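Student: First the structure, which I've put down as C-alpha cells, then a few questions once you've had a look.
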Amino acid sequence: MEFIFLCSRVNALILLLTLCSPYKFIQSPMDFGPLNLLQTTHEASLDFGRIVFNTPSAVLKPQSKTDIALLLSSLSASSLSRVTVSARGAGHSIHGQAQALDGIVVEMESLPVEMEIHKRKGEDGISFADVSGGALWIEVLKESLKFGLAPRSWTDYLYLTVGGTLSNAGISGQTFKFGPQISNVLQLEIVTGQGELVTCSRTENSELFYSVLGGLGQFGIITKARILLQDAPEKVKWIRAFYDDFDTFTKDQELLVSMPDLVDYVEGFIVLNEQSLHSSSVGFPGNVGFTPDFGTREKPKVYYCIEFGVHDYQLEHMNIDEVVRDISRQMSYMQSQLYSVDVSYFDFLERVRMEELSLRRQGLWDVHHPWLNMFVPKSGIVEFKDLLTESISPDDFMGLILIYPLLRDKWDGNMSAVLPEVGSTDQVMYVVGVLQSANPDTCNHRCLHDLLQHQCSFAQTAHDQIGAKQYLGHQPSPLHWRSHFGRRWDQFARRKSQFDPNYILGPGQGIFTNPHSASSALR
Ligand code: FAD
C-alpha cells in the first residue's frame, strides 16, 4: 500500500520535473536522465531528534555540485515551483530541519569529499582548507592535522557536516576566542535557490556570503567552504573545577574568557545528579574525586562545573603547568575540587565521540532528543537559571545542561545567525544547552509530547521575559519565526526573495511557506 502510494507520488514528481525542466529526464522511478532521484531513503526522514519524521517524495544523492545546480535550476525554471528541497548534512538536527515533506532531500554526504589544505608561511600567510559542504568536521580535522594545522573554532561533536554547522553557527568552548565557525570562513561556493553556482566571500558577492552563514539552509546549498586554519597544538591541558554557587561559577567563567592569550577553551555544565556527573565524564580521563551531596527530592542541591583547556604550544613562552597554576589561583572553585589531565589535541576534540560510543553500547543513543539551546543575555542569566532549575526535577532529568559564556564582538551582525537583542553594552552572553534524552522504553508518546510542550512554553517565557533567543531551534509557526528574528526579519525575508525567490529551499525549518508547496501539488 505504502509502496504504491510512494510510487504514485514519485511518478507525479517525474512528470512535474519533466514538464518544468529544460533538460530531458528519462521517465523511470529510479533513474530519470542526468538526475538519478531515488524514491526515498531511510535517512531522509530521520534525524538525531527522533521527533519529526517527514517523508520526502524523492532523494537526490548528488555526485557533483552540477547535479545540485541542475535540480535547483530545473525546479526554479518552472513557473509552478511546487517542489521544495532540503539539503541534508549528517541529519543531526532535532526537529526535522533537514527534512522535506513531499519534497526532495539532497543527501550532501553523497558528494565526493574534496579537501585541499593550503599551508602558508610568513607574517601574513593565512592557512586554510577548501572542503566540500558534505564533509564531516572529523574528516577536516584528520586531513589538516597531517599538515600540523587545524580549524580554530569547533563544535563539541565532530560527526556533523561543514554545510550543516555553517547553516547554524557552530559553537563550542573556543567560540569566546575565535567566534563561531561562521566567523572563521573565508569563502563559500553556493548553489542558490535558482540553481546558480556562485563563489562568494566578504568582498565578492558578499550579500550571499553573509546570508548563507547562519542562514538555516534558506538561501542556497553550500557545496564548498574555505575554512581558516591555525597551527595545531599537540596536547591540551584539560581542567575541571566544581562549584556550589552559581554566581561564583559564572564569575570564574567570565574571568577565563577575559584571558584569551592564556586560555583556549571554556565551557561548563550544571551537575544536577549522579548521572550528569558520570555521563559528562566519560571522555574525561582524569580521576574525579568529587562526591557531592545532592540533597533530597524535596530540597535538591545542584552544583556547577567549569571546564577549560590550555594548549601546549604556549610552552614556548611559559610552562603549561605554570600557566594553569596562575589561572587557577585567580579562581574561586570549591576547595580542592580542581582536576586536570593532559590529553592529545585529537582526543580532546573527539571527547563527545567517547560519550556517543558509551551511550550506543547502552542502547541510549538512538532515543528521542528533545534538546533546547538558547542564547541568553548576561543580564538575564541568573533569572534564566532559576526558571530552568525550577522547571526540572533533578532526579528525573536524563542528559546534560551545558552553560558557558560567549563574546558578542566575535560574531558578525551581518550574518544571518540571531543573537539576543540587548540594549546594554554587555559583551558577554551565555549559551545554555538543555540536552535531554527521552528513552522510548520509559517515556512514551504522551510523555514526549508533554516534554516538548513544556519546553516550548519555557522557551517562550525565556524569550518574552529575558530576551533569550533559540539556537538550532524550532518555532511553531512562521509568525513565531518573525518574532525570533525581531528587527532582523526584514533583512532575512529580503534575502530570501533575492536568493530563493520561489521559496524552494529549507522547508524543514518552517520559516516560509511555499505558496505552491508539493504537499498539495502531489497528493
Ligand atoms: P543537518 O541536520 O543535516 O542540517 C541542518 C540544517 O542545515 C538544515 O536546515 C539543512 O537543510 C541545512 N544544511 C545542511 N547541509 C547544508 C548545506 N550543505 N548547505 C546549506 N544548508 C545545509 N552545534 C553546535 O553549534 N555546537 C555543538 O557543540 C554541537 N554539538 C552537537 C552534538 C551532537 C551530538 C549533535 C547531535 C548536534 C550538535 N550540534 C552542535 C548541533 C549541530 O551543529 C546542528 O544540528 C547541525 O545542523 C548539524 O549538522 P548536520 O550536518 O547534521 O546538519
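Labels for the C-alpha cells follow display order: chains A, B, ..., residues from 1 in each chain, ligands from 1.
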Using only C-alpha atoms and all ligand atoms, which residues of chain A come within 8 Å of ligand 1, and what is the closest atom pair for each, with the distance in Å to one decimal? Give it as a Markdown table, sorted by chain and residue number.
Tutor:
| residue | atom | partner | partner_atom_place_in_ligand_line | distance |
| --- | --- | --- | --- | --- |
| A:Asp47 | CA | ligand 1 | 2 (O) | 6.8 |
| A:Phe48 | CA | ligand 1 | 36 (C) | 5.6 |
| A:Gly49 | CA | ligand 1 | 36 (C) | 7.7 |
| A:Ser86 | CA | ligand 1 | 11 (O) | 4.7 |
| A:Ala87 | CA | ligand 1 | 11 (O) | 4.2 |
| A:Arg88 | CA | ligand 1 | 3 (O) | 3.9 |
| A:Gly89 | CA | ligand 1 | 3 (O) | 3.3 |
| A:Ala90 | CA | ligand 1 | 52 (O) | 3.5 |
| A:Gly91 | CA | ligand 1 | 3 (O) | 3.5 |
| A:His92 | CA | ligand 1 | 52 (O) | 3.5 |
| A:Ser93 | CA | ligand 1 | 2 (O) | 3.7 |
| A:Ile94 | CA | ligand 1 | 45 (O) | 6.7 |
| A:Gly96 | CA | ligand 1 | 2 (O) | 7.7 |
| A:Gln97 | CA | ligand 1 | 9 (O) | 4.5 |
| A:Ala98 | CA | ligand 1 | 8 (C) | 3.9 |
| A:Gln99 | CA | ligand 1 | 11 (O) | 7.1 |
| A:Met108 | CA | ligand 1 | 18 (N) | 6.2 |
| A:Gly133 | CA | ligand 1 | 18 (N) | 4.5 |
| A:Gly134 | CA | ligand 1 | 18 (N) | 5.8 |
| A:Leu136 | CA | ligand 1 | 51 (O) | 7.4 |
| A:Trp154 | CA | ligand 1 | 28 (O) | 7.2 |
| A:Thr155 | CA | ligand 1 | 28 (O) | 3.7 |
| A:Asp156 | CA | ligand 1 | 28 (O) | 3.5 |
| A:Tyr157 | CA | ligand 1 | 32 (C) | 4.6 |
| A:Leu158 | CA | ligand 1 | 32 (C) | 7.7 |
| A:Tyr159 | CA | ligand 1 | 52 (O) | 7.6 |
| A:Leu160 | CA | ligand 1 | 51 (O) | 4.2 |
| A:Thr161 | CA | ligand 1 | 51 (O) | 3.6 |
| A:Val162 | CA | ligand 1 | 51 (O) | 6.5 |
| A:Gly163 | CA | ligand 1 | 18 (N) | 3.6 |
| A:Gly164 | CA | ligand 1 | 53 (O) | 3.6 |
| A:Thr165 | CA | ligand 1 | 43 (O) | 4.5 |
| A:Leu166 | CA | ligand 1 | 7 (O) | 7.6 |
| A:Ser167 | CA | ligand 1 | 7 (O) | 5.0 |
| A:Asn168 | CA | ligand 1 | 47 (O) | 6.2 |
| A:Ala169 | CA | ligand 1 | 25 (O) | 5.7 |
| A:Gly170 | CA | ligand 1 | 25 (O) | 3.4 |
| A:Ile171 | CA | ligand 1 | 25 (O) | 3.9 |
| A:Ser172 | CA | ligand 1 | 28 (O) | 5.0 |
| A:Pro180 | CA | ligand 1 | 25 (O) | 7.8 |
| A:Ile190 | CA | ligand 1 | 19 (N) | 7.7 |
| A:Val212 | CA | ligand 1 | 20 (C) | 7.4 |
| A:Gly215 | CA | ligand 1 | 21 (N) | 7.8 |
| A:Leu216 | CA | ligand 1 | 9 (O) | 4.8 |
| A:Gly217 | CA | ligand 1 | 21 (N) | 3.6 |
| A:Gln218 | CA | ligand 1 | 21 (N) | 7.2 |
| A:Phe219 | CA | ligand 1 | 20 (C) | 7.7 |
| A:Gly220 | CA | ligand 1 | 20 (C) | 5.8 |
| A:Ile221 | CA | ligand 1 | 19 (N) | 3.6 |
| A:Ile222 | CA | ligand 1 | 19 (N) | 3.7 |
| A:Thr223 | CA | ligand 1 | 18 (N) | 5.7 |
| A:Lys224 | CA | ligand 1 | 18 (N) | 7.9 |
| A:Val352 | CA | ligand 1 | 34 (C) | 7.3 |
| A:Glu356 | CA | ligand 1 | 34 (C) | 7.5 |
| A:Leu472 | CA | ligand 1 | 45 (O) | 6.5 |
| A:Leu505 | CA | ligand 1 | 11 (O) | 7.8 |
| A:Gly506 | CA | ligand 1 | 11 (O) | 5.3 |
| A:Gly508 | CA | ligand 1 | 9 (O) | 6.5 |
| A:Gln509 | CA | ligand 1 | 9 (O) | 6.0 |
Student: So that I can check the surroundings of Val191 of chain A, please list as a VMD selection string every protein, DNA and RNA residue that reaches within 10 Å of it, counting only C-alpha atoms and ignoring chain neighbours fewer than 3 positions away.
Tutor: chain A and resid 65 to 66 68 to 70 72 to 73 188 194 to 199 219 to 224 499
Student: Would you pick out the contacts of Val140 of chain A at 8 Å or less, using only C-alpha atoms, so that residues sharing its chain but fewer than 4 positions from it are not included, and give the list as a PyMOL selection string?
Tutor: chain A and resi 115+129+131+135-136+144+150
Student: I need the residues of segment 131-279 of chain A that end up classed as helix (DSSP H, G or I) by DSSP on the backbone, written out as a PDB file with N, CA, C and O atoms, in the first residue's frame.
Tutor:
ATOM      1  N   TRP A 137      33.301  17.347   9.982  1.00  0.00           N
ATOM      2  CA  TRP A 137      34.391  18.085  10.643  1.00  0.00           C
ATOM      3  C   TRP A 137      35.498  17.142  11.107  1.00  0.00           C
ATOM      4  O   TRP A 137      36.671  17.521  11.129  1.00  0.00           O
ATOM      5  N   ILE A 138      35.166  15.902  11.423  1.00  0.00           N
ATOM      6  CA  ILE A 138      36.217  14.956  11.837  1.00  0.00           C
ATOM      7  C   ILE A 138      37.171  14.703  10.662  1.00  0.00           C
ATOM      8  O   ILE A 138      38.382  14.543  10.844  1.00  0.00           O
ATOM      9  N   GLU A 139      36.601  14.701   9.443  1.00  0.00           N
ATOM     10  CA  GLU A 139      37.453  14.495   8.259  1.00  0.00           C
ATOM     11  C   GLU A 139      38.356  15.713   8.042  1.00  0.00           C
ATOM     12  O   GLU A 139      39.518  15.585   7.672  1.00  0.00           O
ATOM     13  N   VAL A 140      37.802  16.909   8.285  1.00  0.00           N
ATOM     14  CA  VAL A 140      38.601  18.130   8.136  1.00  0.00           C
ATOM     15  C   VAL A 140      39.738  18.109   9.157  1.00  0.00           C
ATOM     16  O   VAL A 140      40.887  18.449   8.850  1.00  0.00           O
ATOM     17  N   LEU A 141      39.413  17.682  10.381  1.00  0.00           N
ATOM     18  CA  LEU A 141      40.443  17.627  11.424  1.00  0.00           C
ATOM     19  C   LEU A 141      41.564  16.668  11.025  1.00  0.00           C
ATOM     20  O   LEU A 141      42.754  17.023  11.068  1.00  0.00           O
ATOM     21  N   LYS A 142      41.177  15.460  10.632  1.00  0.00           N
ATOM     22  CA  LYS A 142      42.197  14.441  10.321  1.00  0.00           C
ATOM     23  C   LYS A 142      43.107  14.913   9.188  1.00  0.00           C
ATOM     24  O   LYS A 142      44.316  14.754   9.245  1.00  0.00           O
ATOM     25  N   GLU A 143      42.503  15.502   8.149  1.00  0.00           N
ATOM     26  CA  GLU A 143      43.303  15.922   6.995  1.00  0.00           C
ATOM     27  C   GLU A 143      44.225  17.089   7.363  1.00  0.00           C
ATOM     28  O   GLU A 143      45.400  17.103   7.014  1.00  0.00           O
ATOM     29  N   SER A 144      43.689  18.072   8.092  1.00  0.00           N
ATOM     30  CA  SER A 144      44.521  19.248   8.377  1.00  0.00           C
ATOM     31  C   SER A 144      45.637  18.908   9.380  1.00  0.00           C
ATOM     32  O   SER A 144      46.732  19.477   9.299  1.00  0.00           O
ATOM     33  N   LEU A 145      45.375  17.942  10.276  1.00  0.00           N
ATOM     34  CA  LEU A 145      46.431  17.543  11.223  1.00  0.00           C
ATOM     35  C   LEU A 145      47.649  16.955  10.510  1.00  0.00           C
ATOM     36  O   LEU A 145      48.768  17.048  11.013  1.00  0.00           O
ATOM     37  N   VAL A 162      30.167  20.202   7.414  1.00  0.00           N
ATOM     38  CA  VAL A 162      30.583  21.602   7.307  1.00  0.00           C
ATOM     39  C   VAL A 162      29.369  22.456   6.920  1.00  0.00           C
ATOM     40  O   VAL A 162      29.077  23.474   7.550  1.00  0.00           O
ATOM     41  N   GLY A 163      28.611  22.021   5.905  1.00  0.00           N
ATOM     42  CA  GLY A 163      27.441  22.792   5.463  1.00  0.00           C
ATOM     43  C   GLY A 163      26.372  22.885   6.538  1.00  0.00           C
ATOM     44  O   GLY A 163      25.707  23.915   6.680  1.00  0.00           O
ATOM     45  N   GLY A 164      26.210  21.818   7.325  1.00  0.00           N
ATOM     46  CA  GLY A 164      25.182  21.792   8.374  1.00  0.00           C
ATOM     47  C   GLY A 164      25.492  22.764   9.498  1.00  0.00           C
ATOM     48  O   GLY A 164      24.624  23.525   9.938  1.00  0.00           O
ATOM     49  N   THR A 165      26.735  22.784   9.980  1.00  0.00           N
ATOM     50  CA  THR A 165      27.024  23.684  11.107  1.00  0.00           C
ATOM     51  C   THR A 165      27.142  25.137  10.625  1.00  0.00           C
ATOM     52  O   THR A 165      26.744  26.047  11.333  1.00  0.00           O
ATOM     53  N   LEU A 166      27.642  25.344   9.399  1.00  0.00           N
ATOM     54  CA  LEU A 166      27.729  26.732   8.910  1.00  0.00           C
ATOM     55  C   LEU A 166      26.344  27.310   8.627  1.00  0.00           C
ATOM     56  O   LEU A 166      26.182  28.524   8.561  1.00  0.00           O
ATOM     57  N   THR A 175      34.672  29.378  21.059  1.00  0.00           N
ATOM     58  CA  THR A 175      33.928  30.481  20.423  1.00  0.00           C
ATOM     59  C   THR A 175      34.241  31.830  21.063  1.00  0.00           C
ATOM     60  O   THR A 175      34.286  32.847  20.389  1.00  0.00           O
ATOM     61  N   PHE A 176      34.486  31.836  22.386  1.00  0.00           N
ATOM     62  CA  PHE A 176      34.803  33.119  23.045  1.00  0.00           C
ATOM     63  C   PHE A 176      36.071  33.733  22.443  1.00  0.00           C
ATOM     64  O   PHE A 176      36.243  34.945  22.446  1.00  0.00           O
ATOM     65  N   LYS A 177      36.933  32.880  21.910  1.00  0.00           N
ATOM     66  CA  LYS A 177      38.247  33.339  21.464  1.00  0.00           C
ATOM     67  C   LYS A 177      38.263  33.658  19.964  1.00  0.00           C
ATOM     68  O   LYS A 177      38.807  34.676  19.544  1.00  0.00           O
ATOM     69  N   PHE A 178      37.639  32.774  19.180  1.00  0.00           N
ATOM     70  CA  PHE A 178      37.707  32.949  17.718  1.00  0.00           C
ATOM     71  C   PHE A 178      36.343  33.210  17.079  1.00  0.00           C
ATOM     72  O   PHE A 178      36.245  33.309  15.853  1.00  0.00           O
ATOM     73  N   GLN A 181      31.973  29.081  14.230  1.00  0.00           N
ATOM     74  CA  GLN A 181      32.583  28.603  12.977  1.00  0.00           C
ATOM     75  C   GLN A 181      32.263  29.534  11.814  1.00  0.00           C
ATOM     76  O   GLN A 181      33.096  29.741  10.940  1.00  0.00           O
ATOM     77  N   ILE A 182      31.071  30.158  11.831  1.00  0.00           N
ATOM     78  CA  ILE A 182      30.727  31.050  10.712  1.00  0.00           C
ATOM     79  C   ILE A 182      31.630  32.280  10.665  1.00  0.00           C
ATOM     80  O   ILE A 182      31.727  32.928   9.632  1.00  0.00           O
ATOM     81  N   SER A 183      32.298  32.602  11.764  1.00  0.00           N
ATOM     82  CA  SER A 183      33.233  33.739  11.743  1.00  0.00           C
ATOM     83  C   SER A 183      34.614  33.323  11.241  1.00  0.00           C
ATOM     84  O   SER A 183      35.531  34.121  11.210  1.00  0.00           O
ATOM     85  N   ASN A 184      34.770  32.051  10.912  1.00  0.00           N
ATOM     86  CA  ASN A 184      36.081  31.529  10.534  1.00  0.00           C
ATOM     87  C   ASN A 184      36.075  30.959   9.114  1.00  0.00           C
ATOM     88  O   ASN A 184      36.799  30.020   8.805  1.00  0.00           O
ATOM     89  N   SER A 206      29.110  39.512  -1.596  1.00  0.00           N
ATOM     90  CA  SER A 206      29.127  39.460  -0.134  1.00  0.00           C
ATOM     91  C   SER A 206      27.726  39.270   0.477  1.00  0.00           C
ATOM     92  O   SER A 206      27.591  38.658   1.535  1.00  0.00           O
ATOM     93  N   GLU A 207      26.702  39.768  -0.187  1.00  0.00           N
ATOM     94  CA  GLU A 207      25.357  39.637   0.386  1.00  0.00           C
ATOM     95  C   GLU A 207      24.969  38.148   0.514  1.00  0.00           C
ATOM     96  O   GLU A 207      24.389  37.732   1.509  1.00  0.00           O
ATOM     97  N   LEU A 208      25.346  37.361  -0.482  1.00  0.00           N
ATOM     98  CA  LEU A 208      25.061  35.925  -0.431  1.00  0.00           C
ATOM     99  C   LEU A 208      25.891  35.264   0.677  1.00  0.00           C
ATOM    100  O   LEU A 208      25.394  34.422   1.434  1.00  0.00           O
ATOM    101  N   PHE A 209      27.152  35.652   0.780  1.00  0.00           N
ATOM    102  CA  PHE A 209      28.056  35.115   1.805  1.00  0.00           C
ATOM    103  C   PHE A 209      27.455  35.325   3.205  1.00  0.00           C
ATOM    104  O   PHE A 209      27.299  34.386   3.982  1.00  0.00           O
ATOM    105  N   TYR A 210      27.090  36.562   3.499  1.00  0.00           N
ATOM    106  CA  TYR A 210      26.537  36.874   4.827  1.00  0.00           C
ATOM    107  C   TYR A 210      25.178  36.184   5.041  1.00  0.00           C
ATOM    108  O   TYR A 210      24.855  35.772   6.150  1.00  0.00           O
ATOM    109  N   SER A 211      24.389  36.074   3.985  1.00  0.00           N
ATOM    110  CA  SER A 211      23.067  35.448   4.112  1.00  0.00           C
ATOM    111  C   SER A 211      23.184  33.981   4.502  1.00  0.00           C
ATOM    112  O   SER A 211      22.499  33.497   5.411  1.00  0.00           O
ATOM    113  N   VAL A 212      24.066  33.266   3.788  1.00  0.00           N
ATOM    114  CA  VAL A 212      24.138  31.814   3.955  1.00  0.00           C
ATOM    115  C   VAL A 212      24.705  31.426   5.319  1.00  0.00           C
ATOM    116  O   VAL A 212      24.292  30.424   5.922  1.00  0.00           O
ATOM    117  N   PHE A 246      26.226  29.526  41.982  1.00  0.00           N
ATOM    118  CA  PHE A 246      26.109  29.903  40.578  1.00  0.00           C
ATOM    119  C   PHE A 246      26.863  31.207  40.272  1.00  0.00           C
ATOM    120  O   PHE A 246      27.515  31.320  39.234  1.00  0.00           O
ATOM    121  N   ASP A 247      26.755  32.194  41.159  1.00  0.00           N
ATOM    122  CA  ASP A 247      27.414  33.478  40.877  1.00  0.00           C
ATOM    123  C   ASP A 247      28.927  33.307  40.776  1.00  0.00           C
ATOM    124  O   ASP A 247      29.583  33.907  39.919  1.00  0.00           O
ATOM    125  N   THR A 248      29.477  32.505  41.685  1.00  0.00           N
ATOM    126  CA  THR A 248      30.931  32.281  41.662  1.00  0.00           C
ATOM    127  C   THR A 248      31.329  31.548  40.380  1.00  0.00           C
ATOM    128  O   THR A 248      32.347  31.855  39.750  1.00  0.00           O
ATOM    129  N   PHE A 249      30.487  30.588  40.005  1.00  0.00           N
ATOM    130  CA  PHE A 249      30.727  29.800  38.781  1.00  0.00           C
ATOM    131  C   PHE A 249      30.777  30.716  37.554  1.00  0.00           C
ATOM    132  O   PHE A 249      31.727  30.677  36.761  1.00  0.00           O
ATOM    133  N   THR A 250      29.767  31.588  37.398  1.00  0.00           N
ATOM    134  CA  THR A 250      29.736  32.440  36.194  1.00  0.00           C
ATOM    135  C   THR A 250      30.844  33.512  36.254  1.00  0.00           C
ATOM    136  O   THR A 250      31.412  33.866  35.229  1.00  0.00           O
ATOM    137  N   LYS A 251      31.123  33.981  37.458  1.00  0.00           N
ATOM    138  CA  LYS A 251      32.196  34.979  37.594  1.00  0.00           C
ATOM    139  C   LYS A 251      33.530  34.376  37.120  1.00  0.00           C
ATOM    140  O   LYS A 251      34.297  35.018  36.394  1.00  0.00           O
ATOM    141  N   ASP A 252      33.783  33.143  37.518  1.00  0.00           N
ATOM    142  CA  ASP A 252      35.030  32.490  37.098  1.00  0.00           C
ATOM    143  C   ASP A 252      35.031  32.192  35.599  1.00  0.00           C
ATOM    144  O   ASP A 252      36.069  32.293  34.932  1.00  0.00           O
ATOM    145  N   GLN A 253      33.874  31.837  35.057  1.00  0.00           N
ATOM    146  CA  GLN A 253      33.819  31.612  33.599  1.00  0.00           C
ATOM    147  C   GLN A 253      34.161  32.904  32.867  1.00  0.00           C
ATOM    148  O   GLN A 253      34.902  32.917  31.885  1.00  0.00           O
ATOM    149  N   GLU A 254      33.600  34.011  33.382  1.00  0.00           N
ATOM    150  CA  GLU A 254      33.853  35.299  32.721  1.00  0.00           C
ATOM    151  C   GLU A 254      35.315  35.725  32.886  1.00  0.00           C
ATOM    152  O   GLU A 254      35.886  36.359  32.004  1.00  0.00           O
ATOM    153  N   LEU A 255      35.899  35.335  34.018  1.00  0.00           N
ATOM    154  CA  LEU A 255      37.331  35.608  34.203  1.00  0.00           C
ATOM    155  C   LEU A 255      38.138  34.855  33.128  1.00  0.00           C
ATOM    156  O   LEU A 255      39.020  35.418  32.489  1.00  0.00           O
ATOM    157  N   LEU A 256      37.787  33.602  32.928  1.00  0.00           N
ATOM    158  CA  LEU A 256      38.535  32.793  31.953  1.00  0.00           C
ATOM    159  C   LEU A 256      38.415  33.346  30.536  1.00  0.00           C
ATOM    160  O   LEU A 256      39.401  33.403  29.798  1.00  0.00           O
ATOM    161  N   VAL A 257      37.201  33.777  30.150  1.00  0.00           N
ATOM    162  CA  VAL A 257      37.070  34.285  28.769  1.00  0.00           C
ATOM    163  C   VAL A 257      37.694  35.664  28.611  1.00  0.00           C
ATOM    164  O   VAL A 257      37.846  36.155  27.497  1.00  0.00           O
ATOM    165  N   GLU A 274      23.860  12.368  39.913  1.00  0.00           N
ATOM    166  CA  GLU A 274      24.994  11.451  39.676  1.00  0.00           C
ATOM    167  C   GLU A 274      25.174  11.190  38.186  1.00  0.00           C
ATOM    168  O   GLU A 274      26.277  11.167  37.662  1.00  0.00           O
ATOM    169  N   GLN A 275      24.038  11.000  37.503  1.00  0.00           N
ATOM    170  CA  GLN A 275      24.095  10.667  36.075  1.00  0.00           C
ATOM    171  C   GLN A 275      24.794  11.777  35.284  1.00  0.00           C
ATOM    172  O   GLN A 275      25.638  11.515  34.441  1.00  0.00           O
ATOM    173  N   SER A 276      24.440  13.052  35.606  1.00  0.00           N
ATOM    174  CA  SER A 276      25.050  14.134  34.818  1.00  0.00           C
ATOM    175  C   SER A 276      26.540  14.246  35.128  1.00  0.00           C
ATOM    176  O   SER A 276      27.331  14.640  34.285  1.00  0.00           O
ATOM    177  N   LEU A 277      26.929  13.862  36.342  1.00  0.00           N
ATOM    178  CA  LEU A 277      28.353  13.881  36.698  1.00  0.00           C
ATOM    179  C   LEU A 277      29.101  12.789  35.930  1.00  0.00           C
ATOM    180  O   LEU A 277      30.147  13.025  35.338  1.00  0.00           O
ATOM    181  N   HIS A 278      28.509  11.577  35.898  1.00  0.00           N
ATOM    182  CA  HIS A 278      29.221  10.463  35.273  1.00  0.00           C
ATOM    183  C   HIS A 278      29.183  10.505  33.760  1.00  0.00           C
ATOM    184  O   HIS A 278      30.198  10.291  33.108  1.00  0.00           O
ATOM    185  N   SER A 279      27.993  10.810  33.186  1.00  0.00           N
ATOM    186  CA  SER A 279      27.916  10.764  31.719  1.00  0.00           C
ATOM    187  C   SER A 279      28.818  11.829  31.106  1.00  0.00           C
ATOM    188  O   SER A 279      29.447  11.604  30.080  1.00  0.00           O
TER     189      SER A 279
END
Student: When you count only C-alpha atoms, which of these residues is closest to Pro285 of chain A: A:Asp347, A:Leu229, A:Pro56, A:Ser393?
Tutor: A:Asp347
Student: How many Å separate atom CA of Glu350 of chain A from atom CA of Met415 of chain A?
Tutor: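 Answer for the atom CA of Glu350 of chain A to atom CA of Met415 of chain A separation: 28.3 Å.
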Student: With a distance cut-off of 8 Å and only C-alpha atoms, select the neighbouring residues of Gln470 of chain A, excluding the residue or stretch itself and same-chain residues fewer than 5 positions from it, and output the selection as an MDAnalysis selection string.
Tutor: chainID A and resid 372:375 459 484
Student: For those residues, write N, CA and C atoms to a file as a PDB file, in the first residue's frame.
Tutor:
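Full text of part.pdb as output:
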ATOM      1  N   LEU A 372      17.022  21.670  23.783  1.00  0.00           N
ATOM      2  CA  LEU A 372      16.717  23.101  23.665  1.00  0.00           C
ATOM      3  C   LEU A 372      18.013  23.872  23.897  1.00  0.00           C
ATOM      4  N   ASN A 373      18.369  24.728  22.951  1.00  0.00           N
ATOM      5  CA  ASN A 373      19.564  25.573  23.107  1.00  0.00           C
ATOM      6  C   ASN A 373      19.140  27.027  23.028  1.00  0.00           C
ATOM      7  N   MET A 374      19.636  27.837  23.961  1.00  0.00           N
ATOM      8  CA  MET A 374      19.263  29.252  23.914  1.00  0.00           C
ATOM      9  C   MET A 374      20.465  30.148  24.179  1.00  0.00           C
ATOM     10  N   PHE A 375      20.502  31.283  23.477  1.00  0.00           N
ATOM     11  CA  PHE A 375      21.461  32.339  23.784  1.00  0.00           C
ATOM     12  C   PHE A 375      20.774  33.275  24.770  1.00  0.00           C
ATOM     13  N   ALA A 459      10.677  28.063  26.523  1.00  0.00           N
ATOM     14  CA  ALA A 459      11.433  28.885  25.559  1.00  0.00           C
ATOM     15  C   ALA A 459      10.702  30.206  25.308  1.00  0.00           C
ATOM     16  N   HIS A 484      11.151  35.653  16.464  1.00  0.00           N
ATOM     17  CA  HIS A 484      12.523  35.198  16.749  1.00  0.00           C
ATOM     18  C   HIS A 484      13.541  36.137  16.080  1.00  0.00           C
TER      19      HIS A 484
END
